[in-house]
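Asker: Input file: run.txt. Contents: compact mmCIF, N, CA and C atoms.
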```txt
# COMPACT_ATOMS: atom_id res chain seq x y z
N MET A 1 0.81 -1.19 0.00
CA MET A 1 0.00 0.00 0.00
C MET A 1 0.86 1.26 0.00
N VAL A 2 1.93 1.25 0.74
CA VAL A 2 2.84 2.39 0.78
C VAL A 2 3.43 2.61 -0.61
N THR A 3 3.71 1.58 -1.33
CA THR A 3 4.29 1.69 -2.66
C THR A 3 3.32 2.37 -3.62
N LEU A 4 2.03 2.05 -3.54
CA LEU A 4 1.04 2.68 -4.40
C LEU A 4 0.97 4.19 -4.14
N ASN A 5 0.97 4.58 -2.87
CA ASN A 5 0.91 6.00 -2.53
C ASN A 5 2.13 6.74 -3.07
N LYS A 6 3.30 6.10 -3.00
CA LYS A 6 4.50 6.74 -3.54
C LYS A 6 4.41 6.87 -5.06
N PHE A 7 3.71 5.97 -5.69
CA PHE A 7 3.55 6.01 -7.14
C PHE A 7 2.53 7.08 -7.56
N TYR A 8 1.39 7.13 -6.85
CA TYR A 8 0.31 8.05 -7.23
C TYR A 8 0.55 9.49 -6.79
N LEU A 9 1.27 9.70 -5.72
CA LEU A 9 1.51 11.05 -5.24
C LEU A 9 2.21 11.93 -6.28
N PRO A 10 3.31 11.49 -6.89
CA PRO A 10 3.95 12.34 -7.90
C PRO A 10 3.03 12.60 -9.11
N ILE A 11 2.27 11.61 -9.50
CA ILE A 11 1.34 11.79 -10.62
C ILE A 11 0.28 12.82 -10.26
N ALA A 12 -0.26 12.73 -9.05
CA ALA A 12 -1.27 13.68 -8.61
C ALA A 12 -0.70 15.10 -8.55
N LEU A 13 0.53 15.23 -8.09
CA LEU A 13 1.17 16.55 -8.03
C LEU A 13 1.37 17.12 -9.43
N VAL A 14 1.84 16.31 -10.35
CA VAL A 14 2.04 16.77 -11.72
C VAL A 14 0.72 17.21 -12.34
N LEU A 15 -0.33 16.43 -12.14
CA LEU A 15 -1.64 16.79 -12.68
C LEU A 15 -2.17 18.07 -12.05
N ALA A 16 -2.02 18.22 -10.74
CA ALA A 16 -2.49 19.42 -10.05
C ALA A 16 -1.73 20.65 -10.52
N LEU A 17 -0.42 20.54 -10.65
CA LEU A 17 0.37 21.67 -11.13
C LEU A 17 0.03 22.03 -12.57
N GLY A 18 -0.15 21.02 -13.40
CA GLY A 18 -0.52 21.26 -14.80
C GLY A 18 -1.87 21.93 -14.91
N LEU A 19 -2.85 21.50 -14.12
CA LEU A 19 -4.17 22.10 -14.13
C LEU A 19 -4.10 23.54 -13.64
N GLY A 20 -3.35 23.77 -12.57
CA GLY A 20 -3.19 25.13 -12.04
C GLY A 20 -2.53 26.04 -13.06
N TRP A 21 -1.51 25.56 -13.75
CA TRP A 21 -0.83 26.36 -14.76
C TRP A 21 -1.78 26.68 -15.91
N THR A 22 -2.58 25.69 -16.34
CA THR A 22 -3.53 25.90 -17.43
C THR A 22 -4.58 26.93 -17.04
N LEU A 23 -5.14 26.83 -15.85
CA LEU A 23 -6.15 27.78 -15.41
C LEU A 23 -5.54 29.17 -15.26
N GLY A 24 -4.32 29.24 -14.75
CA GLY A 24 -3.63 30.52 -14.59
C GLY A 24 -3.40 31.19 -15.92
N CYS A 25 -3.01 30.44 -16.92
CA CYS A 25 -2.77 31.00 -18.25
C CYS A 25 -4.07 31.47 -18.88
N GLN A 26 -5.16 30.74 -18.65
CA GLN A 26 -6.43 31.14 -19.22
C GLN A 26 -6.90 32.45 -18.61
N SER A 27 -6.80 32.60 -17.28
CA SER A 27 -7.29 33.83 -16.66
C SER A 27 -6.36 34.99 -16.92
N ALA A 28 -5.05 34.73 -17.12
CA ALA A 28 -4.10 35.80 -17.34
C ALA A 28 -4.39 36.54 -18.64
N GLY A 29 -4.96 35.89 -19.61
CA GLY A 29 -5.22 36.51 -20.89
C GLY A 29 -6.57 37.21 -20.97
N LYS A 30 -7.28 37.32 -19.89
CA LYS A 30 -8.63 37.85 -19.92
C LYS A 30 -8.73 39.23 -19.29
N ASN A 31 -7.82 40.12 -19.66
CA ASN A 31 -7.91 41.49 -19.18
C ASN A 31 -9.14 42.15 -19.77
N ILE A 32 -9.70 43.10 -19.00
CA ILE A 32 -10.84 43.83 -19.55
C ILE A 32 -10.31 44.79 -20.61
N SER A 33 -11.11 45.03 -21.59
CA SER A 33 -10.71 45.88 -22.72
C SER A 33 -10.85 47.36 -22.34
N LYS A 34 -10.35 48.21 -23.22
CA LYS A 34 -10.52 49.65 -23.04
C LYS A 34 -12.00 50.01 -23.01
N GLU A 35 -12.77 49.38 -23.90
CA GLU A 35 -14.21 49.66 -23.95
C GLU A 35 -14.90 49.29 -22.66
N GLN A 36 -14.55 48.12 -22.11
CA GLN A 36 -15.15 47.68 -20.85
C GLN A 36 -14.76 48.62 -19.71
N ALA A 37 -13.50 49.05 -19.69
CA ALA A 37 -13.05 49.99 -18.66
C ALA A 37 -13.79 51.31 -18.79
N TRP A 38 -13.97 51.79 -20.01
CA TRP A 38 -14.71 53.04 -20.24
C TRP A 38 -16.16 52.90 -19.79
N ASP A 39 -16.76 51.75 -20.04
CA ASP A 39 -18.14 51.51 -19.57
C ASP A 39 -18.22 51.60 -18.04
N ILE A 40 -17.20 51.07 -17.35
CA ILE A 40 -17.16 51.14 -15.88
C ILE A 40 -17.07 52.60 -15.43
N VAL A 41 -16.20 53.36 -16.07
CA VAL A 41 -16.04 54.77 -15.70
C VAL A 41 -17.34 55.54 -15.94
N LYS A 42 -17.97 55.33 -17.11
CA LYS A 42 -19.23 56.02 -17.39
C LYS A 42 -20.30 55.67 -16.37
N LYS A 43 -20.43 54.39 -16.07
CA LYS A 43 -21.50 53.93 -15.19
C LYS A 43 -21.25 54.29 -13.73
N ASP A 44 -20.05 53.99 -13.22
CA ASP A 44 -19.79 54.13 -11.79
C ASP A 44 -19.21 55.48 -11.38
N ILE A 45 -18.42 56.10 -12.23
CA ILE A 45 -17.77 57.35 -11.86
C ILE A 45 -18.58 58.55 -12.37
N LEU A 46 -18.95 58.52 -13.64
CA LEU A 46 -19.67 59.64 -14.23
C LEU A 46 -21.18 59.49 -14.12
N LYS A 47 -21.63 58.37 -13.62
CA LYS A 47 -23.07 58.09 -13.43
C LYS A 47 -23.86 58.26 -14.71
N GLU A 48 -23.29 57.75 -15.82
CA GLU A 48 -23.92 57.76 -17.15
C GLU A 48 -24.09 59.18 -17.71
N GLU A 49 -23.55 60.19 -17.05
CA GLU A 49 -23.71 61.57 -17.49
C GLU A 49 -22.36 62.24 -17.70
N PRO A 50 -21.66 61.96 -18.82
CA PRO A 50 -20.38 62.63 -19.03
C PRO A 50 -20.51 64.15 -19.09
N GLY A 51 -21.71 64.66 -19.48
CA GLY A 51 -21.94 66.10 -19.49
C GLY A 51 -20.92 66.83 -20.33
N ASN A 52 -20.43 67.97 -19.82
CA ASN A 52 -19.47 68.75 -20.59
C ASN A 52 -18.03 68.41 -20.21
N ARG A 53 -17.84 67.32 -19.50
CA ARG A 53 -16.49 66.90 -19.12
C ARG A 53 -15.69 66.48 -20.35
N VAL A 54 -14.37 66.51 -20.19
CA VAL A 54 -13.49 65.97 -21.22
C VAL A 54 -12.75 64.81 -20.57
N VAL A 55 -12.73 63.66 -21.25
CA VAL A 55 -12.11 62.46 -20.69
C VAL A 55 -11.03 61.96 -21.65
N TYR A 56 -9.87 61.66 -21.07
CA TYR A 56 -8.75 61.09 -21.81
C TYR A 56 -8.47 59.70 -21.28
N LEU A 57 -7.98 58.85 -22.16
CA LEU A 57 -7.61 57.48 -21.81
C LEU A 57 -6.15 57.25 -22.17
N ASN A 58 -5.38 56.70 -21.24
CA ASN A 58 -4.01 56.31 -21.56
C ASN A 58 -4.08 55.20 -22.60
N ASN A 59 -3.26 55.29 -23.63
CA ASN A 59 -3.35 54.36 -24.76
C ASN A 59 -2.93 52.94 -24.43
N THR A 60 -2.14 52.77 -23.38
CA THR A 60 -1.67 51.44 -22.99
C THR A 60 -1.92 51.22 -21.51
N LEU A 61 -1.91 49.96 -21.12
CA LEU A 61 -2.04 49.62 -19.72
C LEU A 61 -0.82 50.10 -18.94
N LEU A 62 -1.05 50.51 -17.71
CA LEU A 62 0.04 50.89 -16.81
C LEU A 62 0.21 49.79 -15.77
N ASN A 63 1.44 49.60 -15.31
CA ASN A 63 1.74 48.56 -14.32
C ASN A 63 1.62 49.10 -12.90
N ALA A 64 1.47 48.19 -11.95
CA ALA A 64 1.37 48.57 -10.54
C ALA A 64 2.51 49.50 -10.15
N GLY A 65 2.18 50.60 -9.49
CA GLY A 65 3.18 51.55 -9.04
C GLY A 65 3.63 52.55 -10.09
N GLN A 66 3.25 52.33 -11.34
CA GLN A 66 3.66 53.27 -12.39
C GLN A 66 3.00 54.62 -12.15
N GLU A 67 3.71 55.70 -12.45
CA GLU A 67 3.26 57.05 -12.13
C GLU A 67 2.81 57.84 -13.35
N ARG A 68 1.88 58.74 -13.08
CA ARG A 68 1.50 59.77 -14.06
C ARG A 68 1.60 61.08 -13.29
N LYS A 69 2.49 61.95 -13.71
CA LYS A 69 2.72 63.21 -13.00
C LYS A 69 1.78 64.29 -13.49
N SER A 70 1.39 65.12 -12.55
CA SER A 70 0.62 66.31 -12.88
C SER A 70 1.34 67.49 -12.25
N TRP A 71 0.82 68.66 -12.44
CA TRP A 71 1.45 69.86 -11.90
C TRP A 71 1.49 69.76 -10.37
N GLY A 72 2.61 69.33 -9.83
CA GLY A 72 2.76 69.28 -8.38
C GLY A 72 2.28 68.01 -7.71
N ASP A 73 1.68 67.09 -8.44
CA ASP A 73 1.17 65.84 -7.87
C ASP A 73 1.73 64.65 -8.64
N VAL A 74 1.67 63.50 -7.98
CA VAL A 74 2.01 62.25 -8.64
C VAL A 74 0.86 61.29 -8.37
N HIS A 75 0.36 60.67 -9.43
CA HIS A 75 -0.75 59.72 -9.32
C HIS A 75 -0.22 58.36 -9.74
N LYS A 76 -0.30 57.38 -8.82
CA LYS A 76 0.27 56.05 -9.07
C LYS A 76 -0.81 55.00 -9.21
N VAL A 77 -0.53 54.03 -10.08
CA VAL A 77 -1.39 52.85 -10.16
C VAL A 77 -1.31 52.16 -8.80
N PRO A 78 -2.45 51.87 -8.17
CA PRO A 78 -2.40 51.21 -6.86
C PRO A 78 -1.59 49.91 -6.90
N ALA A 79 -0.87 49.65 -5.84
CA ALA A 79 0.00 48.48 -5.76
C ALA A 79 -0.78 47.17 -5.90
N ASN A 80 -2.06 47.18 -5.50
CA ASN A 80 -2.85 45.94 -5.58
C ASN A 80 -3.47 45.72 -6.97
N PHE A 81 -3.22 46.63 -7.91
CA PHE A 81 -3.64 46.45 -9.30
C PHE A 81 -2.40 46.03 -10.08
N ARG A 82 -2.41 44.84 -10.66
CA ARG A 82 -1.26 44.38 -11.44
C ARG A 82 -1.07 45.29 -12.66
N GLN A 83 -2.17 45.58 -13.35
CA GLN A 83 -2.18 46.52 -14.47
C GLN A 83 -3.49 47.29 -14.43
N ALA A 84 -3.45 48.50 -14.97
CA ALA A 84 -4.66 49.32 -14.93
C ALA A 84 -4.74 50.22 -16.15
N TRP A 85 -5.99 50.52 -16.52
CA TRP A 85 -6.27 51.56 -17.51
C TRP A 85 -6.36 52.87 -16.74
N LEU A 86 -5.80 53.93 -17.30
CA LEU A 86 -5.87 55.25 -16.66
C LEU A 86 -6.76 56.17 -17.48
N PHE A 87 -7.73 56.77 -16.80
CA PHE A 87 -8.60 57.78 -17.39
C PHE A 87 -8.33 59.10 -16.66
N PHE A 88 -8.19 60.17 -17.41
CA PHE A 88 -8.09 61.50 -16.82
C PHE A 88 -9.39 62.21 -17.14
N VAL A 89 -10.10 62.65 -16.10
CA VAL A 89 -11.40 63.30 -16.26
C VAL A 89 -11.26 64.78 -15.86
N ASP A 90 -11.43 65.65 -16.85
CA ASP A 90 -11.42 67.09 -16.61
C ASP A 90 -12.87 67.50 -16.39
N ASP A 91 -13.23 67.79 -15.14
CA ASP A 91 -14.62 68.07 -14.81
C ASP A 91 -15.08 69.47 -15.21
N GLN A 92 -14.15 70.39 -15.45
CA GLN A 92 -14.51 71.75 -15.83
C GLN A 92 -13.57 72.23 -16.96
N PRO A 93 -13.71 71.67 -18.14
CA PRO A 93 -12.74 71.94 -19.20
C PRO A 93 -12.66 73.40 -19.65
N ASP A 94 -13.68 74.20 -19.37
CA ASP A 94 -13.66 75.60 -19.78
C ASP A 94 -13.01 76.52 -18.75
N ALA A 95 -12.68 75.98 -17.59
CA ALA A 95 -12.10 76.80 -16.51
C ALA A 95 -10.57 76.74 -16.56
N ASN A 96 -9.94 77.77 -16.01
CA ASN A 96 -8.49 77.73 -15.85
C ASN A 96 -8.13 76.69 -14.82
N TRP A 97 -6.87 76.22 -14.85
CA TRP A 97 -6.51 75.14 -13.93
C TRP A 97 -6.48 75.59 -12.48
N GLY A 98 -6.65 74.58 -11.63
CA GLY A 98 -6.89 74.77 -10.22
C GLY A 98 -8.33 74.38 -9.94
N HIS A 99 -8.92 73.59 -10.85
CA HIS A 99 -10.29 73.12 -10.67
C HIS A 99 -10.31 71.59 -10.57
N HIS A 100 -11.44 71.07 -10.17
CA HIS A 100 -11.60 69.63 -9.91
C HIS A 100 -11.38 68.80 -11.17
N CYS A 101 -10.56 67.76 -11.01
CA CYS A 101 -10.36 66.76 -12.04
C CYS A 101 -10.03 65.45 -11.34
N ARG A 102 -10.04 64.36 -12.09
CA ARG A 102 -9.82 63.04 -11.47
C ARG A 102 -8.95 62.17 -12.35
N TYR A 103 -8.15 61.36 -11.68
CA TYR A 103 -7.37 60.31 -12.31
C TYR A 103 -8.03 59.01 -11.87
N VAL A 104 -8.56 58.26 -12.82
CA VAL A 104 -9.29 57.03 -12.50
C VAL A 104 -8.48 55.85 -13.02
N PHE A 105 -8.10 54.96 -12.11
CA PHE A 105 -7.37 53.75 -12.46
C PHE A 105 -8.35 52.59 -12.40
N VAL A 106 -8.52 51.86 -13.50
CA VAL A 106 -9.41 50.70 -13.55
C VAL A 106 -8.55 49.46 -13.67
N ASP A 107 -8.65 48.58 -12.67
CA ASP A 107 -7.89 47.33 -12.65
C ASP A 107 -8.25 46.51 -13.88
N ALA A 108 -7.26 46.13 -14.65
CA ALA A 108 -7.48 45.42 -15.91
C ALA A 108 -7.92 43.98 -15.71
N GLU A 109 -7.77 43.46 -14.49
CA GLU A 109 -8.18 42.08 -14.24
C GLU A 109 -9.57 42.00 -13.61
N THR A 110 -9.86 42.92 -12.68
CA THR A 110 -11.09 42.80 -11.91
C THR A 110 -12.15 43.84 -12.25
N GLY A 111 -11.73 44.96 -12.84
CA GLY A 111 -12.67 46.04 -13.10
C GLY A 111 -12.87 46.96 -11.90
N LYS A 112 -12.22 46.67 -10.79
CA LYS A 112 -12.30 47.57 -9.63
C LYS A 112 -11.56 48.85 -10.01
N TYR A 113 -11.90 49.93 -9.33
CA TYR A 113 -11.28 51.19 -9.70
C TYR A 113 -10.85 51.98 -8.47
N HIS A 114 -9.92 52.89 -8.72
CA HIS A 114 -9.42 53.82 -7.70
C HIS A 114 -9.46 55.21 -8.31
N VAL A 115 -10.04 56.17 -7.58
CA VAL A 115 -10.13 57.54 -8.06
C VAL A 115 -9.19 58.41 -7.24
N SER A 116 -8.33 59.13 -7.94
CA SER A 116 -7.42 60.07 -7.31
C SER A 116 -7.86 61.48 -7.70
N ASN A 117 -8.38 62.23 -6.72
CA ASN A 117 -8.85 63.59 -6.99
C ASN A 117 -7.68 64.55 -7.07
N SER A 118 -7.82 65.55 -7.92
CA SER A 118 -6.74 66.50 -8.11
C SER A 118 -7.32 67.84 -8.53
N LEU A 119 -6.45 68.83 -8.57
CA LEU A 119 -6.80 70.14 -9.11
C LEU A 119 -5.96 70.48 -10.33
N ASN A 120 -5.14 69.51 -10.76
CA ASN A 120 -4.18 69.78 -11.82
C ASN A 120 -4.19 68.71 -12.90
N PRO A 121 -3.94 69.12 -14.16
CA PRO A 121 -3.90 68.17 -15.27
C PRO A 121 -2.58 67.43 -15.30
N PRO A 122 -2.48 66.40 -16.12
CA PRO A 122 -1.19 65.73 -16.30
C PRO A 122 -0.15 66.72 -16.85
N ASP A 123 1.11 66.47 -16.54
CA ASP A 123 2.18 67.29 -17.12
C ASP A 123 2.12 67.25 -18.64
N SER A 124 1.70 66.12 -19.16
CA SER A 124 1.61 65.95 -20.61
C SER A 124 0.47 64.98 -20.92
N LEU A 125 -0.18 65.22 -22.04
CA LEU A 125 -1.21 64.29 -22.51
C LEU A 125 -0.64 63.31 -23.52
N GLU A 126 0.68 63.32 -23.66
CA GLU A 126 1.33 62.38 -24.58
C GLU A 126 1.00 60.96 -24.16
N GLY A 127 0.65 60.13 -25.11
CA GLY A 127 0.29 58.74 -24.81
C GLY A 127 -1.15 58.58 -24.38
N MET A 128 -1.93 59.67 -24.44
CA MET A 128 -3.34 59.61 -24.07
C MET A 128 -4.17 60.06 -25.27
N SER A 129 -5.41 59.57 -25.33
CA SER A 129 -6.35 59.97 -26.38
C SER A 129 -7.62 60.50 -25.75
N GLN A 130 -8.14 61.57 -26.33
CA GLN A 130 -9.43 62.09 -25.85
C GLN A 130 -10.51 61.14 -26.32
N ILE A 131 -11.29 60.62 -25.36
CA ILE A 131 -12.36 59.69 -25.74
C ILE A 131 -13.74 60.30 -25.56
N TYR A 132 -13.82 61.38 -24.78
CA TYR A 132 -15.10 62.07 -24.63
C TYR A 132 -14.85 63.55 -24.48
N PRO A 133 -15.56 64.42 -25.20
CA PRO A 133 -16.34 64.01 -26.35
C PRO A 133 -15.43 63.50 -27.44
N PRO A 134 -15.89 62.53 -28.21
CA PRO A 134 -15.02 61.97 -29.24
C PRO A 134 -14.70 63.00 -30.30
N THR A 135 -13.47 62.95 -30.78
CA THR A 135 -13.05 63.85 -31.86
C THR A 135 -12.75 63.00 -33.08
N GLY A 136 -12.50 63.61 -34.20
CA GLY A 136 -12.28 62.94 -35.48
C GLY A 136 -11.62 61.58 -35.43
N ALA A 137 -10.29 61.54 -35.38
CA ALA A 137 -9.55 60.27 -35.45
C ALA A 137 -9.81 59.40 -34.24
N GLU A 138 -9.90 60.02 -33.05
CA GLU A 138 -10.11 59.23 -31.84
C GLU A 138 -11.45 58.50 -31.89
N LYS A 139 -12.44 59.13 -32.51
CA LYS A 139 -13.76 58.51 -32.61
C LYS A 139 -13.65 57.15 -33.30
N GLN A 140 -12.73 57.06 -34.26
CA GLN A 140 -12.58 55.83 -35.03
C GLN A 140 -11.58 54.85 -34.41
N ASN A 141 -10.49 55.34 -33.81
CA ASN A 141 -9.36 54.50 -33.49
C ASN A 141 -9.09 54.22 -32.02
N VAL A 142 -9.61 54.98 -31.10
CA VAL A 142 -9.17 54.88 -29.71
C VAL A 142 -9.40 53.50 -29.10
N PHE A 143 -10.44 52.80 -29.52
CA PHE A 143 -10.73 51.52 -28.91
C PHE A 143 -10.19 50.33 -29.69
N LYS A 144 -9.43 50.57 -30.73
CA LYS A 144 -8.80 49.46 -31.44
C LYS A 144 -7.61 49.01 -30.64
N GLN A 145 -7.50 47.71 -30.42
CA GLN A 145 -6.43 47.17 -29.57
C GLN A 145 -5.20 46.88 -30.38
```
Show how you would write the structure in this file as structure tokens.
Answerer:
Amino acid sequence: MVTLNKFYLPIALVLALGLGWTLGCQSAGKNISKEQAWDIVKKDILKEEPGNRVVYLNNTLLNAGQERKSWGDVHKVPANFRQAWLFFVDDQPDANWGHHCRYVFVDAETGKYHVSNSLNPPDSLEGMSQIYPPTGAEKQNVFKQ
């Protein structure tokens, strides 16, 4: 009986590890898309009313701890988000700076989000696309992966 257990234990371990690796690989490839992240922001942050706000989306996913600098502030992807989509929401686009705006990080795996309130825009909009209100090229291309 002891011999059988020694024989089956390694096989069971190999099968368990293989199954775990397969499931891990399947879930790792299922990040939420830009469109899904934008839907979360519209529904939960903007309450379906983008209004006269201007919203920008970072063109690529950001990694945990990665920073986006603004005038005098640093906004980081939360450490508990492996990767995140970043949305910059200008709540008063017609006003001079020093007004309310938000940096919204949407976890690419879970869809959970973190909102960082600010009074300042990013140092640069390089690498970001305006998604609301949509403009010419962005209207066509921003959500293509």
Asker: For Ala84 of chain A, find every residue with an atom within 6.5 Å (counting only N, CA and C atoms), except residues of its own chain fewer than 6 positions away, and show them as an MDAnalysis selection string.
Answerer: chainID A and resid 60:64 105:108
Asker: With only C-alpha atoms as the basis for distance, which of A:Val89, A:Thr135, A:Asn96, A:Leu125 is at the shortest distance from Pro50 of chain A?
Answerer: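 Smallest separation from Pro50 of chain A among the options: A:Val89.
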Asker: From the options A:Gln66, A:Asn117, A:Asn58, A:Ser33, which residue's atoms come nearest to Pro78 of chain A, counting all atoms listed in the file?
Answerer: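 Answer, going by the shortest atom-to-atom distance: A:Gln66.
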Asker: For a quick check of understanding, using all atoms listed in the file, which of A:Val104, A:Pro134, A:Ala95, A:Gly65 has the smallest distance to Asn80 of chain A?
Answerer: A:Gly65
Asker: How far is it from atom CA of Glu67 of chain A to atom CA of Lys47 of chain A, in Å with one decimal?
Answerer: 26.4 Å
